[in-house]
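Q: Structure incoming, see below.
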Amino acid sequence: MERKDFIEQVGLSSASILIFGCMQACSKSDTASNSSNPSSNFGNAGVDKKVDFAINIAIAPYLSLDKAGGFYVESKTGIIIARTLNDEFLAVSSSCTHQGATIEYQANTNRFYCAAHGSVFDTKGKVTTGPATGTLKQYKTTLTGTSLRVYE
C-alpha cells in the first residue's frame with residue numbers, strides 16, 4: 001500500500017468514528033433531563049417527576065410548621081409549605097413565576113409574596129398582583145399526627 005492510500009484509509013476511518021460519535025450524542029435519551037436554564041421552570045417544581053414526600057413538622061428543620069402562620073421552603077423540591085392561621089396546610093412551588101426569586105408566606109394576609117418585585121399570589125398560587133403573570137404550581141397536603149405528606 002502506498003503512503004497516499006494509507007493516509008486516505010486512515011482519514012476515512014477517523015471520519016467514520018467521528019460521525020458515529022456525533023450521531024450517538026445527538027440521539028434521544030431515555031431519561032428526561034432538567035432544563036439547564038432554571039428560568040424556564042419558574043413556579044413549576046417537579047416538572048419532570050411526581051412530587052410525593054412526607055415531613056415531620058415536630059422536628060427541625062420543619063418546626064416553623066408546628067404552629068399556625070409558619071412556613072418552610074423545601075429547597076430540595078422547590079416547594080413552599082405554609083400553615084395558615086386556620087390550621088390549613090398549603091403547598092405551592094417556591095419560585096416566583098416572574099424571575100424565579102423565592103417567595104414567602106404572609107400569614108396575616110393569607111398570601112404568598114415575592115419580595116424581589118412585589119408579586120402576590122393567593123393560597124392556590126394564582127397571581128393577584130404582578131409583575132408575575134404565571135400561576136404557581138399547587139400541591140395537595142395531608143396531615144397525619146405530625147407527619148405532613150405533600151403530593152400531586
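In the C-alpha cells, chains take letters A, B, ... by order of appearance, with residues numbered from 1 within each chain and ligands from 1 in the order shown.
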Can you pull out the residues contacting segment 88-98 of chain A? Cut-off 8 Å, using only C-alpha atoms, and skip same-chain residues under 6 positions away; I want them as a JSON list (two decimals) with C-alpha atoms, in the first residue's frame.

A:
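Now in part-v5.json:
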[["chain", "number", "residue", "atom", "x", "y", "z"],
["A", 42, "PHE", "CA", -40.14, 29.16, 37.37],
["A", 43, "GLY", "CA", -43.06, 28.15, 39.51],
["A", 44, "ASN", "CA", -43.05, 24.57, 38.24],
["A", 45, "ALA", "CA", -41.16, 22.46, 40.71],
["A", 73, "VAL", "CA", -39.24, 26.36, 51.92],
["A", 78, "GLY", "CA", -38.63, 23.76, 45.25],
["A", 79, "ILE", "CA", -41.86, 23.84, 47.27],
["A", 80, "ILE", "CA", -43.02, 26.26, 49.95],
["A", 81, "ILE", "CA", -45.23, 24.75, 52.64],
["A", 82, "ALA", "CA", -47.35, 27.06, 54.79],
["A", 104, "GLU", "CA", -42.59, 33.65, 51.28],
["A", 114, "CYS", "CA", -42.29, 37.74, 46.32],
["A", 119, "SER", "CA", -45.74, 39.86, 43.07],
["A", 123, "THR", "CA", -53.45, 30.47, 48.56],
["A", 124, "LYS", "CA", -53.96, 28.47, 45.37],
["A", 125, "GLY", "CA", -50.93, 30.07, 43.67],
["A", 131, "PRO", "CA", -45.41, 41.68, 37.63],
["A", 132, "ALA", "CA", -45.67, 37.86, 37.70],
["A", 133, "THR", "CA", -48.25, 36.51, 35.25],
["A", 134, "GLY", "CA", -47.97, 32.75, 35.74],
["A", 135, "THR", "CA", -49.67, 30.68, 38.41],
["A", 136, "LEU", "CA", -47.59, 28.78, 40.97],
["A", 137, "LYS", "CA", -47.96, 25.00, 40.84],
["A", 138, "GLN", "CA", -50.15, 23.82, 43.71],
["A", 139, "TYR", "CA", -49.71, 20.56, 45.65],
["A", 140, "LYS", "CA", -52.00, 18.58, 47.92],
["A", 141, "THR", "CA", -51.28, 18.09, 51.61],
["A", 142, "THR", "CA", -52.42, 15.59, 54.23],
["A", 150, "VAL", "CA", -47.05, 16.76, 50.16]]

Q: List as a PDB file with N, CA and C atoms, in the first residue's frame the protein and nucleic acid residues near segment 61-71 of chain A, meaning an atom at most 8 Å away when only C-alpha atoms are counted, but skip any in the same chain fewer than 4 places from it.

A:
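Once written, selection.pdb looks like this:
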ATOM      1  N   ILE A  55     -42.929  14.977  55.641  1.00  0.00           N
ATOM      2  CA  ILE A  55     -42.018  15.582  56.603  1.00  0.00           C
ATOM      3  C   ILE A  55     -42.647  15.508  57.985  1.00  0.00           C
ATOM      4  N   ASN A  56     -41.821  15.540  59.014  1.00  0.00           N
ATOM      5  CA  ASN A  56     -42.304  15.537  60.392  1.00  0.00           C
ATOM      6  C   ASN A  56     -42.228  16.975  60.891  1.00  0.00           C
ATOM      7  N   ILE A  57     -43.389  17.609  61.073  1.00  0.00           N
ATOM      8  CA  ILE A  57     -43.418  19.021  61.436  1.00  0.00           C
ATOM      9  C   ILE A  57     -43.035  19.263  62.896  1.00  0.00           C
ATOM     10  N   ILE A  80     -42.796  25.566  48.697  1.00  0.00           N
ATOM     11  CA  ILE A  80     -43.021  26.264  49.954  1.00  0.00           C
ATOM     12  C   ILE A  80     -44.262  25.669  50.598  1.00  0.00           C
ATOM     13  N   ILE A  81     -44.131  25.339  51.872  1.00  0.00           N
ATOM     14  CA  ILE A  81     -45.234  24.753  52.635  1.00  0.00           C
ATOM     15  C   ILE A  81     -45.609  25.755  53.708  1.00  0.00           C
ATOM     16  N   ALA A  82     -46.891  26.079  53.820  1.00  0.00           N
ATOM     17  CA  ALA A  82     -47.351  27.065  54.792  1.00  0.00           C
ATOM     18  C   ALA A  82     -48.493  26.502  55.617  1.00  0.00           C
ATOM     19  N   ARG A  83     -48.568  26.970  56.854  1.00  0.00           N
ATOM     20  CA  ARG A  83     -49.682  26.618  57.735  1.00  0.00           C
ATOM     21  C   ARG A  83     -50.448  27.905  58.010  1.00  0.00           C
ATOM     22  N   THR A  84     -51.683  27.968  57.549  1.00  0.00           N
ATOM     23  CA  THR A  84     -52.480  29.179  57.698  1.00  0.00           C
ATOM     24  C   THR A  84     -52.872  29.385  59.152  1.00  0.00           C
ATOM     25  N   LEU A  85     -53.406  30.562  59.435  1.00  0.00           N
ATOM     26  CA  LEU A  85     -53.881  30.848  60.790  1.00  0.00           C
ATOM     27  C   LEU A  85     -55.095  29.992  61.136  1.00  0.00           C
ATOM     28  N   ASN A  86     -55.735  29.401  60.128  1.00  0.00           N
ATOM     29  CA  ASN A  86     -56.865  28.484  60.333  1.00  0.00           C
ATOM     30  C   ASN A  86     -56.417  27.032  60.370  1.00  0.00           C
ATOM     31  N   ASP A  87     -55.107  26.796  60.516  1.00  0.00           N
ATOM     32  CA  ASP A  87     -54.510  25.456  60.589  1.00  0.00           C
ATOM     33  C   ASP A  87     -54.672  24.623  59.324  1.00  0.00           C
ATOM     34  N   GLU A 104     -42.351  33.908  49.858  1.00  0.00           N
ATOM     35  CA  GLU A 104     -42.594  33.652  51.280  1.00  0.00           C
ATOM     36  C   GLU A 104     -44.097  33.643  51.511  1.00  0.00           C
ATOM     37  N   TYR A 105     -44.489  33.142  52.669  1.00  0.00           N
ATOM     38  CA  TYR A 105     -45.905  33.137  53.022  1.00  0.00           C
ATOM     39  C   TYR A 105     -46.146  34.220  54.056  1.00  0.00           C
ATOM     40  N   GLN A 106     -47.175  35.035  53.847  1.00  0.00           N
ATOM     41  CA  GLN A 106     -47.555  36.065  54.798  1.00  0.00           C
ATOM     42  C   GLN A 106     -48.877  35.660  55.438  1.00  0.00           C
ATOM     43  N   ALA A 107     -48.786  35.179  56.672  1.00  0.00           N
ATOM     44  CA  ALA A 107     -49.951  34.637  57.368  1.00  0.00           C
ATOM     45  C   ALA A 107     -51.018  35.695  57.641  1.00  0.00           C
ATOM     46  N   ASN A 108     -50.599  36.908  58.002  1.00  0.00           N
ATOM     47  CA  ASN A 108     -51.575  37.944  58.347  1.00  0.00           C
ATOM     48  C   ASN A 108     -52.485  38.326  57.188  1.00  0.00           C
TER      49      ASN A 108
END

Q: Work out how far atom CA of Thr102 of chain A is from atom CA of Glu74 of chain A, in Å to one decimal.

A: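 Value for the atom CA of Glu74 of chain A-atom CA of Thr102 of chain A distance: 10.7 Å.
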
Q: What parts of segment 66-150 of chain A does DSSP call helix (DSSP H, G or I)? I'd like the answer as a VMD selection string.

A: chain A and resid 66 107 to 109

Q: Just the selected residues (C-alpha atoms), exported as a PDB file, in the first residue's frame, please.

A:
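To be explicit, this is the file written out as selection.pdb:
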ATOM      1  CA  ASP A  66     -45.775  23.187  64.016  1.00  0.00           C
ATOM      2  CA  ALA A 107     -49.951  34.637  57.368  1.00  0.00           C
ATOM      3  CA  ASN A 108     -51.575  37.944  58.347  1.00  0.00           C
ATOM      4  CA  THR A 109     -52.843  38.429  54.769  1.00  0.00           C
TER       5      THR A 109
END
